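Student: For reference, this is protein_29.csv, and it has CSV, C-alpha atoms.
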```
chain,number,residue,atom,x,y,z
A,986,MET,CA,45.5,69.2,49.1
A,987,TYR,CA,47.3,69.3,52.5
A,988,ARG,CA,46.0,72.0,54.9
A,989,ARG,CA,49.4,72.9,56.5
A,990,TRP,CA,49.2,76.3,58.1
A,991,ARG,CA,46.2,77.6,56.1
A,992,ALA,CA,43.3,79.2,57.9
A,993,VAL,CA,39.6,78.6,57.5
A,994,LYS,CA,38.0,80.9,54.8
A,995,ASP,CA,34.4,81.1,55.4
A,996,SER,CA,33.4,83.4,52.5
A,997,PHE,CA,32.4,81.5,49.3
A,998,GLY,CA,32.4,83.2,45.9
A,999,THR,CA,29.0,83.5,44.2
A,1000,ASN,CA,30.4,81.5,41.2
A,1001,GLU,CA,32.1,78.9,43.3
A,1002,GLN,CA,31.4,75.3,42.6
A,1003,LEU,CA,31.3,72.4,45.1
A,1004,TYR,CA,32.6,68.9,44.0
A,1005,ARG,CA,31.6,65.5,45.1
A,1006,ARG,CA,32.4,62.0,43.9
A,1007,PHE,CA,29.8,59.6,42.5
A,1008,ARG,CA,29.6,56.1,41.0
A,1009,ARG,CA,28.4,55.3,37.4
A,1010,THR,CA,25.3,53.5,38.8
A,1011,ASP,CA,24.1,56.8,40.4
A,1012,LEU,CA,23.3,58.1,36.9
A,1013,VAL,CA,20.0,57.5,35.3
A,1014,ASN,CA,19.7,58.4,31.6
A,1015,GLY,CA,22.7,60.6,32.1
A,1016,GLU,CA,21.4,62.5,35.2
A,1017,LEU,CA,22.4,62.1,38.8
A,1018,VAL,CA,19.3,61.2,40.9
A,1019,PRO,CA,18.5,62.7,44.3
A,1020,SER,CA,18.8,59.3,46.0
A,1021,ALA,CA,22.5,59.4,45.4
A,1022,LEU,CA,23.0,62.3,47.9
A,1023,LYS,CA,23.3,61.4,51.5
A,1024,PHE,CA,22.4,63.6,54.5
A,1025,PRO,CA,24.1,63.3,57.8
A,1026,LYS,CA,22.1,61.6,60.5
A,1027,LYS,CA,20.8,63.1,63.7
A,1028,GLY,CA,23.7,63.5,66.2
A,1029,GLU,CA,26.4,63.5,63.5
A,1030,ALA,CA,26.7,67.4,63.8
A,1031,THR,CA,28.2,67.6,60.3
A,1032,GLY,CA,27.0,68.5,56.9
A,1033,GLN,CA,27.4,66.7,53.6
A,1034,SER,CA,31.0,66.6,52.6
A,1035,VAL,CA,32.1,68.5,49.4
A,1036,ASN,CA,35.3,70.1,48.1
A,1037,ARG,CA,35.2,73.8,47.2
A,1038,SER,CA,36.5,74.8,43.8
A,1039,ALA,CA,38.5,77.8,45.2
A,1040,PHE,CA,41.1,75.4,46.7
A,1041,SER,CA,40.8,72.2,44.6
A,1042,LYS,CA,40.4,70.6,41.3
A,1043,PRO,CA,37.6,68.1,40.5
A,1044,GLU,CA,39.9,65.1,40.6
A,1045,ASP,CA,40.9,66.0,44.1
A,1046,ALA,CA,37.5,64.7,45.2
A,1047,LEU,CA,38.8,61.2,44.3
A,1048,TRP,CA,42.1,61.4,46.1
A,1049,ASP,CA,42.6,58.7,48.6
A,1050,GLU,CA,45.9,57.1,49.7
A,1051,GLU,CA,44.5,53.6,49.0
A,1052,LYS,CA,43.1,54.7,45.6
A,1053,ARG,CA,39.7,53.4,46.5
A,1054,TYR,CA,37.9,55.9,44.3
A,1055,ASP,CA,39.9,55.4,41.1
A,1056,GLY,CA,37.4,55.2,38.3
A,1057,TRP,CA,34.6,57.1,40.1
A,1058,GLY,CA,33.2,60.3,38.7
A,1059,VAL,CA,33.0,63.8,40.0
A,1060,PHE,CA,30.1,66.2,39.7
A,1061,GLN,CA,29.9,69.9,40.6
A,1062,PHE,CA,27.1,72.2,41.6
A,1063,PRO,CA,27.1,75.9,42.3
A,1064,VAL,CA,27.1,77.3,45.8
A,1065,ALA,CA,24.4,79.6,44.6
A,1066,CYS,CA,21.9,76.8,44.2
A,1067,LEU,CA,21.8,76.2,48.0
A,1068,PRO,CA,18.5,77.6,49.1
A,1069,SER,CA,18.5,80.4,51.7
A,1070,GLU,CA,15.1,79.2,52.8
A,1071,LEU,CA,13.1,75.9,52.4
A,1072,THR,CA,9.8,75.3,54.1
A,1073,CYS,CA,8.7,71.9,55.0
A,1074,PRO,CA,5.4,71.2,53.2
A,1075,ASP,CA,4.3,69.0,56.1
A,1076,THR,CA,5.3,70.8,59.3
A,1077,GLY,CA,5.8,74.4,58.1
A,1078,ARG,CA,9.3,74.5,59.7
A,1079,ARG,CA,11.7,76.7,57.8
A,1080,PHE,CA,15.4,75.9,57.1
A,1081,THR,CA,18.4,77.6,55.5
A,1082,PHE,CA,21.3,75.9,53.8
A,1083,PHE,CA,24.8,77.3,53.4
A,1084,PRO,CA,28.4,76.1,52.7
A,1085,LYS,CA,30.9,75.9,55.4
A,1086,HIS,CA,34.7,75.6,55.0
A,1087,VAL,CA,35.8,72.7,57.2
A,1088,PRO,CA,39.4,71.9,56.2
A,1089,VAL,CA,40.9,68.7,57.4
A,1090,ARG,CA,44.6,67.8,57.6
A,1091,LYS,CA,44.8,66.1,54.3
A,1092,ASN,CA,42.2,68.1,52.4
A,1093,TYR,CA,42.2,71.9,52.8
A,1094,ALA,CA,39.3,72.3,50.3
A,1095,HIS,CA,37.0,70.1,52.4
A,1096,SER,CA,33.7,71.8,53.1
A,1097,GLU,CA,30.2,70.9,54.2
A,1098,ILE,CA,26.7,71.8,53.4
A,1099,TRP,CA,25.2,73.1,56.6
A,1100,CYS,CA,21.6,73.5,57.7
A,1101,ASP,CA,20.1,75.8,60.3
A,1102,ARG,CA,16.6,76.5,61.2
A,1103,LEU,CA,14.9,79.8,60.6
A,1104,PRO,CA,15.0,82.1,62.5
A,1105,ARG,CA,18.7,81.2,62.8
A,1106,ALA,CA,19.7,79.5,66.0
A,1107,HIS,CA,23.5,79.3,65.4
A,1108,ALA,CA,23.6,76.3,67.6
A,1109,GLY,CA,25.2,73.7,65.4
A,1110,TYR,CA,24.0,71.6,62.5
A,1111,VAL,CA,20.2,71.2,62.4
A,1112,VAL,CA,18.9,68.1,60.8
A,1113,PRO,CA,16.0,69.1,58.4
A,1114,THR,CA,12.8,67.2,58.0
A,1115,SER,CA,12.7,64.2,55.6
A,1116,LEU,CA,10.7,66.2,53.0
A,1117,VAL,CA,13.1,69.2,53.2
A,1118,LYS,CA,16.0,66.8,52.8
A,1119,LEU,CA,14.4,65.3,49.7
A,1120,GLU,CA,13.6,68.7,48.2
A,1121,LEU,CA,17.2,69.9,48.7
A,1122,ARG,CA,18.6,66.7,47.2
A,1123,ALA,CA,16.4,67.2,44.2
A,1124,LEU,CA,17.4,70.9,44.0
A,1125,ILE,CA,21.1,69.9,44.0
A,1126,SER,CA,20.4,67.2,41.3
A,1127,GLN,CA,18.8,69.8,39.1
A,1128,ASN,CA,22.0,71.9,39.2
A,1129,ILE,CA,24.6,69.1,38.9
A,1130,GLN,CA,27.1,69.0,36.1
A,1131,VAL,CA,29.3,66.0,35.7
A,1132,VAL,CA,33.0,67.2,35.4
A,1133,LEU,CA,34.7,63.8,35.5
A,1134,THR,CA,33.0,60.8,34.0
A,1135,ALA,CA,32.6,57.7,36.1
A,1136,GLN,CA,34.2,54.5,34.7
A,1137,ARG,CA,32.7,52.3,37.5
B,692,MET,CA,29.1,1.1,45.1
B,693,ILE,CA,30.7,4.4,44.1
B,694,PHE,CA,28.8,6.4,41.5
B,695,VAL,CA,31.1,8.1,39.0
B,696,PRO,CA,29.4,10.8,37.0
B,697,PRO,CA,29.9,10.6,33.3
B,698,PRO,CA,32.8,12.8,32.0
B,699,HIS,CA,32.0,16.2,30.6
B,700,PRO,CA,32.0,16.2,26.8
B,701,GLN,CA,35.4,17.0,25.4
B,702,TYR,CA,34.1,19.6,23.0
B,703,GLU,CA,32.3,22.8,23.6
B,704,ILE,CA,30.2,24.9,21.2
B,705,ARG,CA,32.0,28.2,21.3
B,706,TYR,CA,30.7,29.6,18.1
B,707,ARG,CA,27.2,29.6,16.6
B,708,PRO,CA,27.1,31.1,13.1
B,709,SER,CA,24.4,33.7,12.5
B,710,TYR,CA,21.8,33.0,9.8
B,711,GLU,CA,23.6,35.7,7.7
B,712,GLU,CA,26.5,33.4,7.4
B,713,VAL,CA,24.8,30.1,6.5
B,714,ALA,CA,21.8,31.3,4.5
B,715,ASN,CA,21.6,32.8,1.1
B,716,ASP,CA,20.5,36.4,0.5
B,717,ASP,CA,16.8,35.6,0.0
B,718,ILE,CA,16.5,33.5,3.2
B,719,SER,CA,18.6,36.1,5.2
B,720,ARG,CA,16.2,38.9,4.1
B,721,TYR,CA,13.3,36.8,5.2
B,722,TYR,CA,14.9,36.0,8.5
B,723,ARG,CA,15.7,39.7,9.1
B,724,LYS,CA,12.1,40.7,8.4
B,725,THR,CA,10.8,38.0,10.8
B,726,GLU,CA,13.3,39.1,13.4
B,727,ALA,CA,12.2,42.7,13.1
B,728,GLU,CA,8.6,41.7,13.4
B,729,MET,CA,9.3,39.7,16.5
B,730,ILE,CA,11.1,42.6,18.1
B,731,GLY,CA,8.4,45.0,17.1
B,732,SER,CA,5.7,42.7,18.5
B,733,ARG,CA,7.6,42.3,21.8
B,734,GLU,CA,8.1,46.1,22.2
B,735,GLY,CA,4.5,46.7,21.3
B,736,SER,CA,3.0,44.2,23.6
B,737,ASP,CA,1.9,45.6,27.0
B,738,TYR,CA,1.8,42.2,28.5
B,739,VAL,CA,5.4,41.3,27.5
B,740,ARG,CA,6.7,44.8,28.4
B,741,THR,CA,4.9,44.6,31.8
B,742,THR,CA,6.2,41.1,32.5
B,743,ILE,CA,9.8,42.1,31.6
B,744,ALA,CA,9.5,45.1,33.9
B,745,GLN,CA,8.2,43.0,36.8
B,746,LEU,CA,11.0,40.5,36.4
B,747,GLU,CA,13.6,43.2,36.1
B,748,GLY,CA,12.2,44.9,39.2
B,749,ARG,CA,12.3,41.7,41.3
B,750,ARG,CA,15.9,41.0,40.1
B,751,LYS,CA,16.9,44.5,41.1
B,752,LEU,CA,15.3,44.4,44.5
B,753,LYS,CA,17.0,41.0,45.2
B,754,GLN,CA,20.3,42.7,44.3
B,755,LEU,CA,19.6,45.6,46.6
B,756,SER,CA,18.8,43.2,49.5
B,757,GLU,CA,22.4,42.0,49.3
B,758,LEU,CA,23.9,45.4,49.7
B,759,ARG,CA,26.2,46.0,52.7
B,760,ALA,CA,26.5,49.1,54.8
B,761,ASN,CA,28.7,51.8,53.4
B,762,TRP,CA,28.0,50.6,49.8
B,763,ASP,CA,28.5,54.2,48.6
B,764,SER,CA,31.6,55.1,50.7
B,765,PHE,CA,29.6,57.8,52.5
B,766,GLY,CA,28.4,55.4,55.2
B,767,SER,CA,24.9,54.7,53.8
B,768,GLU,CA,22.9,51.7,55.1
B,769,GLY,CA,21.7,49.0,52.8
B,770,PRO,CA,17.9,48.8,52.4
B,771,THR,CA,16.0,46.8,55.0
B,772,ALA,CA,13.7,43.9,54.1
B,773,GLU,CA,10.7,46.0,55.0
B,774,ALA,CA,11.8,48.9,52.7
B,775,ILE,CA,12.3,46.3,49.9
B,776,ARG,CA,8.9,44.9,50.5
B,777,ILE,CA,7.2,48.3,50.4
B,778,ALA,CA,9.2,49.3,47.3
B,779,GLY,CA,8.2,46.0,45.6
B,780,ASP,CA,4.5,46.7,46.2
B,781,PHE,CA,4.8,50.2,44.9
B,782,ILE,CA,6.7,49.1,41.8
B,783,ASN,CA,4.1,46.5,41.0
B,784,HIS,CA,1.4,49.2,41.3
B,785,LEU,CA,3.3,51.6,39.0
B,786,ILE,CA,4.0,48.9,36.4
B,787,ALA,CA,0.3,47.8,36.5
B,788,VAL,CA,-0.7,51.3,35.3
B,789,GLY,CA,2.1,51.4,32.7
B,790,LEU,CA,4.5,53.6,34.6
B,791,ILE,CA,7.7,51.6,34.2
B,792,PRO,CA,10.6,53.0,36.4
B,793,ASP,CA,13.8,54.1,34.7
B,794,ALA,CA,15.8,52.8,37.6
B,795,ILE,CA,15.5,51.1,40.9
B,796,LEU,CA,18.4,52.1,43.1
B,797,PRO,CA,19.6,52.1,46.7
B,798,SER,CA,18.9,55.4,48.4
B,799,ALA,CA,21.9,57.0,50.1
B,800,GLU,CA,19.4,57.9,52.9
B,801,GLY,CA,18.9,54.1,53.5
B,802,GLY,CA,16.2,52.4,51.5
B,803,VAL,CA,15.1,52.0,47.9
B,804,ALA,CA,14.6,54.7,45.3
B,805,VAL,CA,12.3,54.3,42.3
B,806,CYS,CA,13.4,56.8,39.7
B,807,PHE,CA,11.9,58.4,36.6
B,808,VAL,CA,14.1,60.6,34.3
B,809,ARG,CA,12.2,61.5,31.2
B,810,GLU,CA,12.9,64.4,28.8
B,811,GLY,CA,13.5,67.0,31.4
B,812,LYS,CA,10.9,65.6,33.8
B,813,ASN,CA,12.0,63.8,36.9
B,814,ALA,CA,10.3,62.0,39.8
B,815,ASP,CA,11.6,59.8,42.6
B,816,VAL,CA,9.8,57.7,45.2
B,817,GLU,CA,11.9,56.7,48.1
B,818,CYS,CA,10.9,53.8,50.4
B,819,LEU,CA,13.1,54.5,53.4
B,820,ASN,CA,14.4,52.2,56.1
B,821,SER,CA,12.6,54.5,58.6
B,822,GLY,CA,9.3,53.2,57.2
B,823,GLU,CA,8.6,56.6,55.5
B,824,VAL,CA,7.7,56.7,51.8
B,825,LEU,CA,8.5,60.0,50.2
B,826,ALA,CA,8.1,61.3,46.7
B,827,VAL,CA,9.4,64.3,44.8
B,828,ARG,CA,8.7,65.6,41.3
B,829,TYR,CA,10.5,68.4,39.4
B,830,SER,CA,11.4,69.4,35.9
B,831,ARG,CA,14.2,71.6,34.4
B,832,ASN,CA,12.4,74.9,35.1
B,833,GLU,CA,10.3,73.9,38.1
B,834,ARG,CA,11.3,73.8,41.8
B,835,PRO,CA,11.1,70.4,43.3
B,836,HIS,CA,8.0,69.5,45.2
B,837,ALA,CA,8.1,66.7,47.8
B,838,TRP,CA,5.4,65.0,49.7
B,839,ALA,CA,4.9,62.1,52.1
B,840,VAL,CA,3.1,59.1,50.6
B,841,GLU,CA,0.3,57.8,52.8
B,842,GLN,CA,0.8,54.0,53.1
B,843,SER,CA,-2.7,52.9,52.0
B,844,PRO,CA,-4.2,51.9,48.7
B,845,ALA,CA,-5.7,55.4,48.4
B,846,GLY,CA,-2.3,57.0,49.2
B,847,THR,CA,-0.4,54.9,46.7
B,848,GLU,CA,-3.1,55.6,44.1
B,849,ALA,CA,-2.9,59.3,44.7
B,850,THR,CA,0.9,59.4,44.2
B,851,VAL,CA,0.7,57.2,41.1
B,852,GLN,CA,-1.8,59.7,39.6
B,853,ILE,CA,0.5,62.7,40.5
B,854,LEU,CA,3.5,60.9,38.9
B,855,SER,CA,1.5,59.9,35.9
B,856,ALA,CA,0.2,63.4,35.3
B,857,HIS,CA,3.7,65.0,35.8
B,858,LEU,CA,5.6,62.6,33.6
B,859,SER,CA,3.1,62.7,30.7
B,860,ARG,CA,2.6,66.5,30.7
```
Please express the file's structure as structure tokens.
Tutor:
Amino acid sequence: MYRRWRAVKDSFGTNEQLYRRFRRTDLVNGELVPSALKFPKKGEATGQSVNRSAFSKPEDALWDEEKRYDGWGVFQFPVACLPSELTCPDTGRRFTFFPKHVPVRKNYAHSEIWCDRLPRAHAGYVVPTSLVKLELRALISQNIQVVLTAQR
Amino acid sequence: MIFVPPPHPQYEIRYRPSYEEVANDDISRYYRKTEAEMIGSREGSDYVRTTIAQLEGRRKLKQLSELRANWDSFGSEGPTAEAIRIAGDFINHLIAVGLIPDAILPSAEGGVAVCFVREGKNADVECLNSGEVLAVRYSRNERPHAWAVEQSPAGTEATVQILSAHLSR
């Protein structure tokens, strides 16, 4: 889990999975609904936190010194499901989504789902429109597999 | 004068035997049949089903109104009173046309989510704290399609029609 001396590895494997924790109440008829997935707000300049499977196990997504997440579940979704292009049905603005390895001191696997506009600006995290956010959340929901069942 | 309330009864009914334990086989059979008819009648009654859904919806919204910030550990806000009011109106409209939500949940984006998950067909309506109302529909083999719900009787009706067609296809 600890980063120690390890460097950032920006390339993600095509079969790589991303892990995130959830609560039992996020499931409806056994499926995780889009409303359970939070996007960063404007000005936060960070993507949605996930752990990458190349450097962690599902249960690592629940690791916390105070054990606050004991009993939560973990789901995974493939990196490949992140869309390289999503167009806002309202404004016509185009966005791209990609994973970014952002290790932190106590979690080397920590990564984020980043967004940029198209054509690429490479100028930090771009907050997509509300409709694009919702479509992405639904896309992720479609590809989710629960790997650790939530007890609470 | 000091009023002293009467003492609580010293006994408590902790156990109520079921009819199976106190009635003979014939009476038990008759009770079982009546019970099954009552359950069938309740399930089959649009009025009762609708009323139960409305009560459940109100109970759930009240629960959501008490949520604190960071309820999901990812820093999400609890739904505002306005988001709850808009969601309540929308839910009543859905129930009135027989579309009973599978879940009413807090949205991690801040607001209330009304969710449908039915045999591979999904739809969500999110009444956000920002005042926006957004909807999305998708199925196992269909890419999600999202749209903004215009906040007017015609806008609500149009979304209800889309959801109804999608979920019953």
Student: Just the residues within 10 Å of Phe997 of chain A, please, counting all atoms listed in the file, with nothing from its chain fewer than 5 positions along; format it as a PyMOL selection string.
Tutor: chain A and resi 1002+1037-1039+1064-1065+1083-1086
Student: Rank nothing, just name the residue among B:Ala727, B:Leu858, B:Ala774, B:Val739 nearest to Leu825 of chain B, using all atoms listed in the file.
Tutor: B:Ala774
Student: Near chain A, which residues of chain B fall within 7 Å when you count only C-alpha atoms, and what do they look like as a ChimeraX atom specification?
Tutor: /B:794,798-800,804,808,827,831,835-838
Student: Point out the residue among A:Tyr1093, A:Phe1080, A:Phe1040, A:Phe1062 with the least atom-to-atom distance to Arg991 of chain A, counting only C-alpha atoms.
Tutor: A:Tyr1093
Student: Any idea what the distance is between atom CA of Asn1092 of chain A and atom CA of Cys1066 of chain A?
Tutor: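 Result for atom CA of Asn1092 of chain A versus atom CA of Cys1066 of chain A: 23.6 Å, one decimal.
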Student: What does the structure give for the distance between atom CA of Arg1102 of chain A and atom CA of Pro1068 of chain A, in Å to one decimal?
Tutor: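 Atom CA of Arg1102 of chain A sits 12.3 Å away from atom CA of Pro1068 of chain A.
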Student: I'd like to know which of B:Ile777, B:Ile791, B:Leu819, B:Leu758 is closest to Arg740 of chain B, using all atoms listed in the file.
Tutor: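 Among B:Ile777, B:Ile791, B:Leu819, B:Leu758, it is B:Ile791 that comes nearest to Arg740 of chain B.
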Student: Which residue gives the smallest distance to Arg1090 of chain A among A:Val1111, A:Met986, A:Val993, A:Val1132, with all atoms listed in the file counted?
Tutor: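 Distance minimum relative to Arg1090 of chain A lands on A:Met986.
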Student: Using atom CA of Ile718 of chain B and atom CA of Ser732 of chain B as the two end points, give the distance in Å to one decimal.
Tutor: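 Separating atom CA of Ile718 of chain B from atom CA of Ser732 of chain B is a distance of 20.9 Å.
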Student: Near Ala1046 of chain A, counting all atoms listed in the file, which residues have an atom at most 7 Å away, once you skip same-chain residues fewer than 6 positions from it, shown as a VMD selection string?
Tutor: chain A and resid 1004 to 1006 1036 1059
Student: Which polymer residues have any atom within 10 Å of an atom of Arg749 of chain B, counting all atoms listed in the file, with same-chain residues fewer than 4 positions away left out, as a PyMOL selection string?
Tutor: chain B and resi 744-745+753-755+775+779+782-783+795
Student: If you count only C-alpha atoms, which residues fall within 12 Å of Thr742 of chain B, apart from same-chain ones fewer than 5 positions away, as a PyMOL selection string?
Tutor: chain B and resi 733-734+736-737+747-749+783+786-787+789+791
Student: I'd like to know which of A:Ser996, A:Ser1126, A:Thr1134, A:Thr1114 is closest to Thr1072 of chain A, using all atoms listed in the file.
Tutor: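 Closest candidate: A:Thr1114.
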Student: Quick one: residues within 10 Å of Pro1104 of chain A, all atoms listed in the file counted, chain neighbours fewer than 4 positions away excluded, as a PyMOL selection string?
Tutor: chain A and resi 1078-1081
Student: In terms of the shortest atom-to-atom distance over all atoms listed in the file, which of A:Pro1043, A:Gly1032, A:Gly1056, A:Gly1109 is closest to Leu1003 of chain A?
Tutor: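 Among the listed residues, A:Pro1043 lies closest to Leu1003 of chain A.
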Student: How would segment 753-781 of chain B look with N, CA and C atoms restored, written as a short mmCIF file (atom, residue, chain, number, x, y, z; two decimals), in the coordinates of the input?
Tutor:
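Saved as rebuild.cif:
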```cif
data_model
loop_
_atom_site.label_atom_id
_atom_site.label_comp_id
_atom_site.auth_asym_id
_atom_site.auth_seq_id
_atom_site.Cartn_x
_atom_site.Cartn_y
_atom_site.Cartn_z
N LYS B 753 16.21 42.11 44.57
CA LYS B 753 17.00 41.00 45.20
C LYS B 753 18.47 41.48 45.32
N GLN B 754 18.94 42.13 44.26
CA GLN B 754 20.30 42.70 44.30
C GLN B 754 20.50 43.67 45.42
N LEU B 755 19.50 44.55 45.58
CA LEU B 755 19.60 45.60 46.60
C LEU B 755 19.57 44.96 48.02
N SER B 756 18.86 43.84 48.15
CA SER B 756 18.80 43.20 49.50
C SER B 756 20.11 42.66 49.93
N GLU B 757 21.04 42.52 48.99
CA GLU B 757 22.40 42.00 49.30
C GLU B 757 23.41 43.07 49.58
N LEU B 758 22.98 44.33 49.46
CA LEU B 758 23.90 45.40 49.70
C LEU B 758 24.39 45.51 51.11
N ARG B 759 25.65 45.81 51.30
CA ARG B 759 26.20 46.00 52.70
C ARG B 759 26.20 47.44 53.04
N ALA B 760 26.35 47.69 54.33
CA ALA B 760 26.50 49.10 54.80
C ALA B 760 27.70 49.71 54.18
N ASN B 761 27.62 51.01 53.98
CA ASN B 761 28.70 51.80 53.40
C ASN B 761 28.93 51.44 51.91
N TRP B 762 27.88 51.00 51.23
CA TRP B 762 28.00 50.60 49.80
C TRP B 762 28.38 51.81 48.95
N ASP B 763 28.17 53.04 49.42
CA ASP B 763 28.50 54.20 48.60
C ASP B 763 29.71 54.97 49.06
N SER B 764 30.38 54.45 50.06
CA SER B 764 31.60 55.10 50.70
C SER B 764 31.25 56.25 51.55
N PHE B 765 29.96 56.64 51.64
CA PHE B 765 29.60 57.80 52.50
C PHE B 765 28.86 57.26 53.76
N GLY B 766 28.93 55.96 54.01
CA GLY B 766 28.40 55.40 55.20
C GLY B 766 26.87 55.06 55.15
N SER B 767 26.32 54.98 53.96
CA SER B 767 24.90 54.70 53.80
C SER B 767 24.58 53.23 54.22
N GLU B 768 23.37 53.05 54.75
CA GLU B 768 22.90 51.70 55.10
C GLU B 768 22.34 51.02 53.86
N GLY B 769 22.37 49.70 53.84
CA GLY B 769 21.70 49.00 52.80
C GLY B 769 20.17 48.99 53.10
N PRO B 770 19.31 48.75 52.11
CA PRO B 770 17.90 48.80 52.40
C PRO B 770 17.45 47.60 53.29
N THR B 771 16.50 47.85 54.17
CA THR B 771 16.00 46.80 55.00
C THR B 771 15.00 45.93 54.24
N ALA B 772 14.69 44.75 54.80
CA ALA B 772 13.70 43.90 54.10
C ALA B 772 12.36 44.55 54.01
N GLU B 773 12.00 45.34 55.02
CA GLU B 773 10.70 46.00 55.00
C GLU B 773 10.67 47.11 53.90
N ALA B 774 11.78 47.85 53.77
CA ALA B 774 11.80 48.90 52.70
C ALA B 774 11.74 48.22 51.34
N ILE B 775 12.37 47.06 51.20
CA ILE B 775 12.30 46.30 49.90
C ILE B 775 10.91 45.83 49.63
N ARG B 776 10.24 45.37 50.68
CA ARG B 776 8.90 44.90 50.50
C ARG B 776 7.94 46.02 50.07
N ILE B 777 8.06 47.17 50.75
CA ILE B 777 7.20 48.30 50.40
C ILE B 777 7.50 48.79 48.98
N ALA B 778 8.80 48.84 48.64
CA ALA B 778 9.20 49.30 47.30
C ALA B 778 8.62 48.30 46.25
N GLY B 779 8.69 47.00 46.55
CA GLY B 779 8.20 46.00 45.60
C GLY B 779 6.69 46.19 45.34
N ASP B 780 5.91 46.44 46.39
CA ASP B 780 4.50 46.70 46.20
C ASP B 780 4.24 47.91 45.37
N PHE B 781 5.01 48.96 45.67
CA PHE B 781 4.80 50.20 44.90
C PHE B 781 5.18 50.06 43.47
#
```
